[in-house]
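Novice: What follows is input_19.txt, made up of compact mmCIF, C-alpha atoms:
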```
# COMPACT_ATOMS: atom_id res chain seq x y z
CA MET A 88 17.90 0.16 16.21
CA TYR A 89 20.39 2.97 16.41
CA ASP A 90 20.65 6.16 18.41
CA GLY A 91 18.25 8.65 16.83
CA ILE A 92 20.34 10.48 14.26
CA VAL A 93 21.99 7.44 12.67
CA GLN A 94 18.55 5.86 12.18
CA GLU A 95 17.36 9.15 10.69
CA LEU A 96 20.16 9.05 8.12
CA ILE A 97 19.39 5.39 7.34
CA ASP A 98 15.73 6.33 6.81
CA GLU A 99 16.69 9.23 4.53
CA PHE A 100 18.90 7.01 2.37
CA GLY A 101 16.14 4.39 2.34
CA ARG A 102 13.86 6.95 0.66
CA LEU A 103 16.17 7.27 -2.35
CA PRO A 104 15.13 5.19 -5.38
CA GLY A 105 16.51 1.64 -5.51
CA ILE A 106 17.98 1.67 -2.00
CA GLY A 107 16.55 -0.90 0.43
CA PRO A 108 16.92 -0.82 4.23
CA LYS A 109 20.10 -2.96 4.23
CA SER A 110 21.81 -0.80 1.60
CA ALA A 111 20.71 2.32 3.46
CA GLN A 112 22.35 1.01 6.64
CA ARG A 113 25.51 0.07 4.77
CA ILE A 114 25.73 3.56 3.25
CA ALA A 115 25.07 5.28 6.59
CA PHE A 116 27.90 3.32 8.23
CA HIS A 117 30.12 4.11 5.29
CA ILE A 118 29.41 7.81 5.94
CA LEU A 119 30.36 7.41 9.63
CA GLN A 120 33.74 6.07 8.58
CA THR A 121 34.34 8.50 5.72
CA PRO A 122 36.65 11.47 6.38
CA SER A 123 34.63 14.56 7.45
CA PHE A 124 36.06 16.46 4.51
CA ASP A 125 34.53 14.08 1.97
CA VAL A 126 31.16 14.00 3.75
CA LYS A 127 31.12 17.79 3.72
CA ARG A 128 31.80 17.83 -0.02
CA LEU A 129 28.91 15.43 -0.71
CA SER A 130 26.67 17.48 1.56
CA GLU A 131 27.52 20.74 -0.21
CA LEU A 132 27.24 19.16 -3.65
CA LEU A 133 23.69 18.04 -2.88
CA VAL A 134 22.53 21.55 -2.07
CA GLU A 135 24.53 23.09 -4.91
CA VAL A 136 23.13 20.71 -7.51
CA ARG A 137 19.61 21.29 -6.28
CA GLU A 138 20.12 25.07 -6.40
CA ARG A 139 22.10 25.43 -9.61
CA VAL A 140 20.67 22.75 -11.85
CA ARG A 141 17.37 23.40 -13.51
CA PHE A 142 15.63 22.18 -16.64
CA CYS A 143 16.25 23.77 -20.05
CA GLU A 144 13.43 26.17 -20.96
CA ILE A 145 13.53 24.96 -24.55
CA CYS A 146 13.88 21.18 -24.41
CA GLY A 147 13.47 20.23 -20.73
CA ASN A 148 16.92 18.61 -20.45
CA VAL A 149 19.03 19.27 -17.33
CA ALA A 150 20.84 22.59 -17.58
CA GLU A 151 22.95 24.93 -15.51
CA GLN A 152 21.77 27.95 -17.52
CA GLU A 153 18.39 28.86 -19.00
CA ARG A 154 19.22 26.71 -21.99
CA CYS A 155 21.01 23.36 -21.84
CA ALA A 156 24.40 22.71 -23.44
CA ILE A 157 22.78 20.93 -26.41
CA CYS A 158 20.27 23.72 -27.21
CA ARG A 159 23.11 26.27 -26.97
CA ASP A 160 25.37 24.31 -29.34
CA PRO A 161 25.18 25.91 -32.86
CA ARG A 162 26.66 22.75 -34.43
CA ARG A 163 23.58 20.70 -33.58
CA ASN A 164 21.10 20.12 -36.42
CA ALA A 165 18.07 22.26 -35.58
CA ALA A 166 15.97 20.53 -38.25
CA LEU A 167 15.84 17.36 -36.15
CA ILE A 168 14.11 16.90 -32.79
CA CYS A 169 14.31 13.68 -30.84
CA VAL A 170 11.43 13.33 -28.36
CA VAL A 171 12.24 11.39 -25.16
CA GLU A 172 10.40 10.74 -21.92
CA ASP A 173 13.15 11.71 -19.53
CA ALA A 174 16.38 13.72 -19.29
CA LYS A 175 18.20 10.44 -18.48
CA ASP A 176 17.27 9.28 -22.00
CA VAL A 177 19.08 12.30 -23.49
CA ALA A 178 22.28 11.17 -21.79
CA ALA A 179 21.78 7.58 -23.03
CA ILE A 180 21.34 8.77 -26.63
CA GLU A 181 24.28 11.19 -26.42
CA ARG A 182 26.51 8.27 -25.43
CA THR A 183 25.76 6.56 -28.78
CA ARG A 184 27.28 9.56 -30.68
CA GLU A 185 24.85 8.67 -33.51
CA TYR A 186 22.61 11.69 -33.18
CA ARG A 187 23.43 15.35 -33.84
CA GLY A 188 19.98 16.95 -33.67
CA LEU A 189 18.13 18.53 -30.76
CA TYR A 190 15.91 16.97 -28.10
CA HIS A 191 12.57 17.45 -26.47
CA VAL A 192 11.98 15.94 -23.02
CA LEU A 193 8.31 15.14 -22.37
CA GLY A 194 8.72 14.55 -18.65
CA GLY A 195 7.04 11.14 -18.74
CA ALA A 196 4.68 9.12 -20.91
CA ILE A 197 0.91 8.86 -21.26
CA SER A 198 -0.34 6.38 -18.68
CA PRO A 199 -4.05 6.18 -17.78
CA ILE A 200 -3.17 3.92 -14.80
CA ALA A 201 -0.73 6.43 -13.31
CA GLY A 202 -3.15 9.23 -14.19
CA VAL A 203 -0.74 10.87 -16.68
CA GLY A 204 -2.51 12.39 -19.69
CA PRO A 205 -1.16 14.41 -22.66
CA ASP A 206 -1.69 17.66 -20.75
CA ASP A 207 0.74 16.53 -18.04
CA LEU A 208 3.56 16.23 -20.59
CA ARG A 209 5.55 18.96 -22.37
CA ILE A 210 3.56 18.47 -25.59
CA ALA A 211 2.32 22.06 -25.96
CA GLN A 212 5.95 23.23 -25.75
CA LEU A 213 6.85 20.75 -28.50
CA MET A 214 4.09 22.08 -30.76
CA THR A 215 5.38 25.63 -30.19
CA ARG A 216 8.87 24.58 -31.24
CA LEU A 217 7.51 23.01 -34.43
CA ALA A 218 5.43 26.09 -35.40
CA ASP A 219 8.12 28.09 -37.23
CA GLY A 220 8.89 25.39 -39.84
CA THR A 221 12.58 24.88 -38.95
CA VAL A 222 12.06 21.30 -37.85
CA GLN A 223 11.82 18.76 -40.65
CA GLU A 224 11.83 15.52 -38.69
CA VAL A 225 10.60 14.48 -35.25
CA ILE A 226 12.05 11.21 -33.98
CA LEU A 227 9.85 9.58 -31.35
CA ALA A 228 12.23 7.93 -28.89
CA THR A 229 9.84 7.17 -26.06
CA ASN A 230 10.42 3.86 -24.26
CA PRO A 231 9.49 0.68 -26.19
CA ASN A 232 6.86 -0.29 -23.61
CA LEU A 233 3.10 0.18 -23.32
CA GLU A 234 3.15 3.80 -22.12
CA GLY A 235 5.94 4.82 -24.49
CA GLU A 236 4.17 3.28 -27.49
CA ALA A 237 0.90 4.96 -26.53
CA THR A 238 2.69 8.31 -26.27
CA ALA A 239 4.42 7.79 -29.62
CA SER A 240 1.16 7.00 -31.43
CA TYR A 241 -0.58 9.94 -29.76
CA LEU A 242 2.18 12.29 -30.95
CA SER A 243 2.31 10.73 -34.39
CA ARG A 244 -1.46 11.34 -34.85
CA LEU A 245 -1.03 14.89 -33.59
CA LEU A 246 1.74 15.60 -36.12
CA THR A 247 0.16 14.05 -39.27
CA THR A 248 -1.37 17.38 -40.34
CA MET A 249 2.03 19.12 -40.28
CA GLN A 250 4.65 19.05 -43.03
CA ILE A 251 7.05 17.13 -40.80
CA THR A 252 8.48 13.63 -41.11
CA VAL A 253 7.68 11.62 -37.99
CA SER A 254 9.81 8.59 -37.23
CA ARG A 255 10.09 6.05 -34.44
CA LEU A 256 13.27 4.36 -33.20
CA ALA A 257 13.70 0.96 -34.90
CA SER A 258 12.61 -2.03 -32.98
CA GLY A 259 15.65 -3.97 -32.05
CA LEU A 260 15.41 -2.42 -28.64
CA PRO A 261 14.15 -5.13 -26.29
CA VAL A 262 10.37 -4.62 -25.93
CA GLY A 263 9.02 -4.05 -22.42
CA GLY A 264 12.31 -2.57 -21.25
CA ASP A 265 13.54 0.86 -20.35
CA LEU A 266 15.39 2.94 -22.98
CA GLU A 267 17.87 4.17 -20.40
CA TYR A 268 19.22 0.62 -19.86
CA ALA A 269 19.89 -0.16 -23.54
CA ASP A 270 23.55 -0.56 -24.47
CA GLU A 271 25.15 1.99 -26.78
CA VAL A 272 25.37 -0.28 -29.85
CA THR A 273 21.73 -1.40 -29.73
CA LEU A 274 20.57 2.14 -29.21
CA GLY A 275 22.81 3.38 -32.03
CA ARG A 276 21.41 0.74 -34.42
CA ALA A 277 17.90 1.72 -33.44
CA PHE A 278 18.73 5.29 -34.51
CA GLU A 279 20.10 4.22 -37.89
CA GLY A 280 17.11 1.96 -38.61
CA ARG A 281 14.35 4.31 -37.52
CA ARG A 282 11.25 3.95 -39.70
CA VAL A 283 8.96 6.71 -41.00
CA LEU A 284 5.46 6.45 -39.53
CA MET B 20 27.34 12.95 -20.20
CA TYR B 21 25.84 15.73 -18.17
CA ASP B 22 26.77 19.31 -17.47
CA GLY B 23 29.62 19.25 -14.92
CA ILE B 24 27.95 19.38 -11.55
CA VAL B 25 25.29 16.73 -12.21
CA GLN B 26 28.01 14.33 -13.33
CA GLU B 27 29.96 15.21 -10.18
CA LEU B 28 26.99 14.24 -8.01
CA ILE B 29 26.53 11.00 -9.97
CA ASP B 30 30.22 10.22 -9.39
CA GLU B 31 29.91 10.93 -5.66
CA PHE B 32 26.91 8.63 -5.30
CA GLY B 33 28.73 5.99 -7.33
CA ARG B 34 31.46 5.95 -4.68
CA LEU B 35 29.03 4.83 -1.96
CA PRO B 36 29.04 1.09 -1.25
CA GLY B 37 26.67 -1.02 -3.38
CA ILE B 38 25.71 1.78 -5.77
CA GLY B 39 26.58 1.25 -9.44
CA PRO B 40 26.69 3.96 -12.12
CA LYS B 41 23.03 3.43 -13.18
CA SER B 42 21.75 3.66 -9.60
CA ALA B 43 23.93 6.70 -9.01
CA GLN B 44 22.36 8.41 -12.03
CA ARG B 45 18.87 7.47 -10.92
CA ILE B 46 19.51 8.90 -7.44
CA ALA B 47 21.05 12.12 -8.81
CA PHE B 48 17.97 12.71 -10.98
CA HIS B 49 15.75 11.94 -8.04
CA ILE B 50 17.61 14.69 -6.13
CA LEU B 51 17.02 17.16 -8.99
CA GLN B 52 13.28 16.55 -8.72
CA THR B 53 13.11 16.47 -4.90
CA PRO B 54 11.89 19.63 -3.13
CA SER B 55 14.85 21.87 -2.11
CA PHE B 56 13.74 21.62 1.49
CA ASP B 57 14.18 17.82 1.58
CA VAL B 58 17.54 17.97 -0.17
CA LYS B 59 18.72 20.54 2.36
CA ARG B 60 17.65 18.26 5.22
CA LEU B 61 19.58 15.30 3.77
CA SER B 62 22.58 17.55 3.21
CA GLU B 63 22.55 18.84 6.78
CA LEU B 64 21.92 15.39 8.23
CA LEU B 65 25.03 14.08 6.50
CA VAL B 66 27.28 16.66 8.12
CA GLU B 67 25.49 16.41 11.45
CA VAL B 68 25.80 12.63 11.63
CA ARG B 69 29.46 12.80 10.71
CA GLU B 70 30.09 15.44 13.38
CA ARG B 71 27.91 14.15 16.19
CA VAL B 72 28.17 10.40 15.89
CA ARG B 73 31.25 8.72 17.23
CA PHE B 74 32.11 5.28 18.52
CA CYS B 75 31.47 4.29 22.17
CA GLU B 76 34.71 4.44 24.18
CA ILE B 77 33.73 1.24 26.01
CA CYS B 78 32.32 -1.12 23.40
CA GLY B 79 32.99 0.55 20.03
CA ASN B 80 29.30 0.72 19.04
CA VAL B 81 27.94 3.89 17.41
CA ALA B 82 27.14 6.56 20.00
CA GLU B 83 26.14 10.18 20.27
CA GLN B 84 27.85 10.53 23.65
CA GLU B 85 31.09 9.11 25.05
CA ARG B 86 29.25 5.91 25.85
CA CYS B 87 26.59 4.30 23.66
CA ALA B 88 22.96 3.85 24.72
CA ILE B 89 23.55 0.17 25.54
CA CYS B 90 26.59 0.73 27.75
CA ARG B 91 24.70 3.52 29.57
CA ASP B 92 21.62 1.34 30.20
CA PRO B 93 21.75 0.01 33.83
CA ARG B 94 19.20 -2.71 32.99
CA ARG B 95 21.64 -4.51 30.70
CA ASN B 96 23.40 -7.55 32.18
CA ALA B 97 27.00 -6.48 32.72
CA ALA B 98 28.10 -10.09 33.31
CA LEU B 99 27.63 -10.88 29.63
CA ILE B 100 29.63 -9.51 26.70
CA CYS B 101 28.79 -10.34 23.12
CA VAL B 102 31.76 -9.83 20.79
CA VAL B 103 30.92 -8.78 17.24
CA GLU B 104 32.94 -7.64 14.25
CA ASP B 105 30.98 -4.54 13.39
CA ALA B 106 28.53 -2.00 14.86
CA LYS B 107 25.99 -3.13 12.24
CA ASP B 108 26.01 -6.55 13.95
CA VAL B 109 24.97 -4.92 17.25
CA ALA B 110 21.85 -3.58 15.55
CA ALA B 111 21.11 -6.99 14.00
CA ILE B 112 21.34 -8.72 17.41
CA GLU B 113 19.29 -6.00 19.14
CA ARG B 114 16.48 -6.64 16.66
CA THR B 115 16.20 -10.26 17.89
CA ARG B 116 15.34 -9.01 21.44
CA GLU B 117 16.95 -12.24 22.70
CA TYR B 118 20.00 -10.66 24.26
CA ARG B 119 20.18 -8.34 27.28
CA GLY B 120 23.95 -8.24 27.91
CA LEU B 121 26.59 -5.80 26.66
CA TYR B 122 28.62 -5.78 23.46
CA HIS B 123 32.17 -5.42 22.27
CA VAL B 124 32.78 -4.34 18.69
CA LEU B 125 36.12 -5.59 17.32
CA GLY B 126 36.12 -3.40 14.23
CA GLY B 127 36.70 -6.31 11.84
CA ALA B 128 38.04 -9.87 11.85
CA ILE B 129 41.46 -11.46 11.58
CA SER B 130 42.32 -11.85 7.90
CA PRO B 131 45.89 -12.54 6.76
CA ILE B 132 44.84 -11.86 3.14
CA ALA B 133 43.48 -8.39 3.95
CA GLY B 134 46.46 -7.82 6.26
CA VAL B 135 44.30 -7.60 9.41
CA GLY B 136 45.96 -9.10 12.50
CA PRO B 137 44.83 -9.27 16.16
CA ASP B 138 46.55 -5.94 16.88
CA ASP B 139 44.33 -4.17 14.36
CA LEU B 140 41.20 -5.17 16.29
CA ARG B 141 39.87 -3.86 19.64
CA ILE B 142 41.10 -6.96 21.48
CA ALA B 143 43.28 -5.15 24.05
CA GLN B 144 40.21 -3.08 25.03
CA LEU B 145 38.23 -6.31 25.46
CA MET B 146 40.90 -7.75 27.78
CA THR B 147 40.79 -4.56 29.87
CA ARG B 148 37.02 -4.89 30.23
CA LEU B 149 37.40 -8.49 31.42
CA ALA B 150 40.11 -7.70 34.01
CA ASP B 151 37.87 -6.71 36.96
CA GLY B 152 35.98 -10.03 37.14
CA THR B 153 32.47 -8.66 36.45
CA VAL B 154 32.08 -10.50 33.18
CA GLN B 155 31.17 -14.17 33.51
CA GLU B 156 30.52 -15.07 29.89
CA VAL B 157 31.87 -13.89 26.57
CA ILE B 158 29.73 -14.80 23.56
CA LEU B 159 31.73 -14.86 20.35
CA ALA B 160 29.37 -13.61 17.64
CA THR B 161 31.82 -13.00 14.83
CA ASN B 162 30.57 -13.87 11.33
CA PRO B 163 30.25 -17.61 10.54
CA ASN B 164 32.81 -17.40 7.75
CA LEU B 165 36.55 -18.04 7.48
CA GLU B 166 37.75 -14.78 9.06
CA GLY B 167 35.06 -14.78 11.74
CA GLU B 168 35.83 -18.37 12.75
CA ALA B 169 39.57 -17.60 12.87
CA THR B 170 38.89 -14.60 15.08
CA ALA B 171 36.61 -16.63 17.36
CA SER B 172 39.18 -19.38 17.86
CA TYR B 173 41.94 -16.82 18.44
CA LEU B 174 39.85 -15.14 21.16
CA SER B 175 38.76 -18.46 22.65
CA ARG B 176 42.42 -19.51 23.04
CA LEU B 177 43.24 -16.12 24.55
CA LEU B 178 40.46 -16.46 27.14
CA THR B 179 41.04 -20.08 28.27
CA THR B 180 43.30 -19.01 31.14
CA MET B 181 40.60 -16.73 32.59
CA GLN B 182 37.68 -17.78 34.80
CA ILE B 183 35.20 -16.86 32.07
CA THR B 184 32.78 -18.99 30.08
CA VAL B 185 33.42 -18.54 26.37
CA SER B 186 30.62 -19.45 23.98
CA ARG B 187 30.02 -19.23 20.25
CA LEU B 188 26.71 -18.59 18.50
CA ALA B 189 25.07 -21.87 17.50
CA SER B 190 25.53 -22.95 13.96
CA GLY B 191 22.23 -22.73 12.22
CA LEU B 192 23.45 -19.50 10.78
CA PRO B 193 24.17 -20.19 7.13
CA VAL B 194 27.93 -20.81 6.88
CA GLY B 195 29.92 -18.53 4.58
CA GLY B 196 27.41 -15.72 5.01
CA ASP B 197 27.35 -12.40 6.78
CA LEU B 198 25.83 -12.13 10.26
CA GLU B 199 24.26 -8.81 9.38
CA TYR B 200 22.02 -10.46 6.74
CA ALA B 201 20.62 -13.21 8.99
CA ASP B 202 16.89 -12.97 9.72
CA GLU B 203 15.76 -12.27 13.27
CA VAL B 204 14.44 -15.77 13.99
CA THR B 205 17.59 -17.58 12.86
CA LEU B 206 19.77 -15.18 14.76
CA GLY B 207 17.58 -15.53 17.88
CA ARG B 208 17.81 -19.34 17.70
CA ALA B 209 21.55 -19.11 17.34
CA PHE B 210 21.65 -17.13 20.59
CA GLU B 211 19.53 -19.69 22.47
CA GLY B 212 21.58 -22.62 21.20
CA ARG B 213 25.05 -21.12 21.73
CA ARG B 214 27.55 -23.78 22.80
CA VAL B 215 30.31 -23.48 25.44
CA LEU B 216 33.76 -23.79 23.88
```
Could you take the file, read its structure, and then write that structure out as structure tokens?

Specialist:
Amino acid sequence: MYDGIVQELIDEFGRLPGIGPKSAQRIAFHILQTPSFDVKRLSELLVEVRERVRFCEICGNVAEQERCAICRDPRRNAALICVVEDAKDVAAIERTREYRGLYHVLGGAISPIAGVGPDDLRIAQLMTRLADGTVQEVILATNPNLEGEATASYLSRLLTTMQITVSRLASGLPVGGDLEYADEVTLGRAFEGRRVL
Amino acid sequence: MYDGIVQELIDEFGRLPGIGPKSAQRIAFHILQTPSFDVKRLSELLVEVRERVRFCEICGNVAEQERCAICRDPRRNAALICVVEDAKDVAAIERTREYRGLYHVLGGAISPIAGVGPDDLRIAQLMTRLADGTVQEVILATNPNLEGEATASYLSRLLTTMQITVSRLASGLPVGGDLEYADEVTLGRAFEGRRVL
């Protein structure tokens, strides 16, 4: 055990996702030996990010203004909306450079076990965006696992009555995995080979 | 890619030891969704730890005062000094509850490849502590790998002329590993079975 405050920092780091107690200790000791200047920068950045960064009021992606950089970009194809579970998925898809449409971040996937139903996701906001007829295709890019598939089929049923093409990313993505961990090429192929539902 | 400041935070986290780009991204997004209050606490803790925590002027362990909690504790056996490479090793040994003596943190191990020689370690400070005759045994608890063994035999040669028992932690620790990752039982056994050099 350490004198109070060092243990406190270890505990705080241990609460971050994917960091176990040994890593937390390693990071805390790294901080002790890092120049004060750099620690101060990290400290300020944390607060600044939390204060300045919000979620885009249109698509739910991370944004430093009311609308994210993608929604503000007039060169993006507004007839195309790619629906993803998480803002991290937007970044993964952007890295493929295959897609030039807009996004819609659901904020999760339908999961009866985790108690997440359609009403907990940004589905109403999606329907609002589709109301004016601009959008011609909705690409369902939820994760290729149980919850993602359930969400995709829920949305696909919901959209059948509308005059909109609904597609799903091609399989080719490893099933049971997380979209955010797919490599650029695989993810790019999945975009090209998307099939109409 | 993300809007500037989010990417900056991801980059900062990626600089911490043992955190790859994917983990860094995961942590940054976790921060975005963490209540402001908790982020502020982590931010302040970082600066506070860096400002308040220093290294004990006697043994080199982490401390919030000039001397660490162990050096200040009158119940510890001042006739016994356990020499370790790193302050993290002090915590690992304390968890075994097998040892009631004092410590001396070297701040590393002799490594010609990394350019670390005896003069780069807190060896002169150790010799000063041994000068007044209080210490009867020095336990060499450097890591059971190449550098740790080299450091232990260097110190053991240095101490032969003094009226002090020099011992080394029993093997039983997995060779080639890091002391800080040993489990409590193994490390406790190693203390019991230490052999006089």

Novice: May I have the protein, DNA and RNA residues with an atom at most 6 Å from (25.7, 13.8, 4.8), counting all atoms listed in the file in the file's coordinates, returned as a compact mmCIF listing (two decimals) with C-alpha atoms, keeping the file's coordinate frame?

Specialist:
```
# COMPACT_ATOMS: atom_id res chain seq x y z
CA VAL A 126 31.16 14.00 3.75
CA SER A 130 26.67 17.48 1.56
CA SER B 62 22.58 17.55 3.21
CA LEU B 64 21.92 15.39 8.23
CA LEU B 65 25.03 14.08 6.50
CA VAL B 66 27.28 16.66 8.12
```

Novice: Show which residues sit within 7 Å of Phe32 of chain B, as a list in words. Count only C-alpha atoms, and ignore same-chain residues fewer than 4 positions away.

Specialist: Leu28, Ile38 and Ala43 of chain B

Novice: Taking into account only C-alpha atoms, which residue in the set B:Asp92, B:Glu63, B:Asp151, B:Glu70 is nearest to Gly120 of chain B?

Specialist: B:Asp92

Novice: Would you give me, as a ChimeraX atom specification, the residues of chain B that come within 6 Å of chain A, using all atoms listed in the file?

Specialist: /B:20,51,59,62,66,69,110

Novice: Since we have the selection now, will you write its residues out, keeping C-alpha atoms, as a compact mmCIF listing (two decimals), in the coordinates of the input?

Specialist:
```txt
# COMPACT_ATOMS: atom_id res chain seq x y z
CA MET B 20 27.34 12.95 -20.20
CA LEU B 51 17.02 17.16 -8.99
CA LYS B 59 18.72 20.54 2.36
CA SER B 62 22.58 17.55 3.21
CA VAL B 66 27.28 16.66 8.12
CA ARG B 69 29.46 12.80 10.71
CA ALA B 110 21.85 -3.58 15.55
```

Novice: Give me, as a ChimeraX atom specification, all polymer residues having an atom no more than 6 Å from Cys169 of chain A, counting all atoms listed in the file and skipping those fewer than 5 positions away in the same chain.

Specialist: /A:190,225-226

Novice: How many Å lie between atom CA of Ala171 of chain B and atom CA of Ile142 of chain B, rounded to one decimal?

Specialist: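 Atom CA of Ile142 of chain B lies 11.4 Å from atom CA of Ala171 of chain B.
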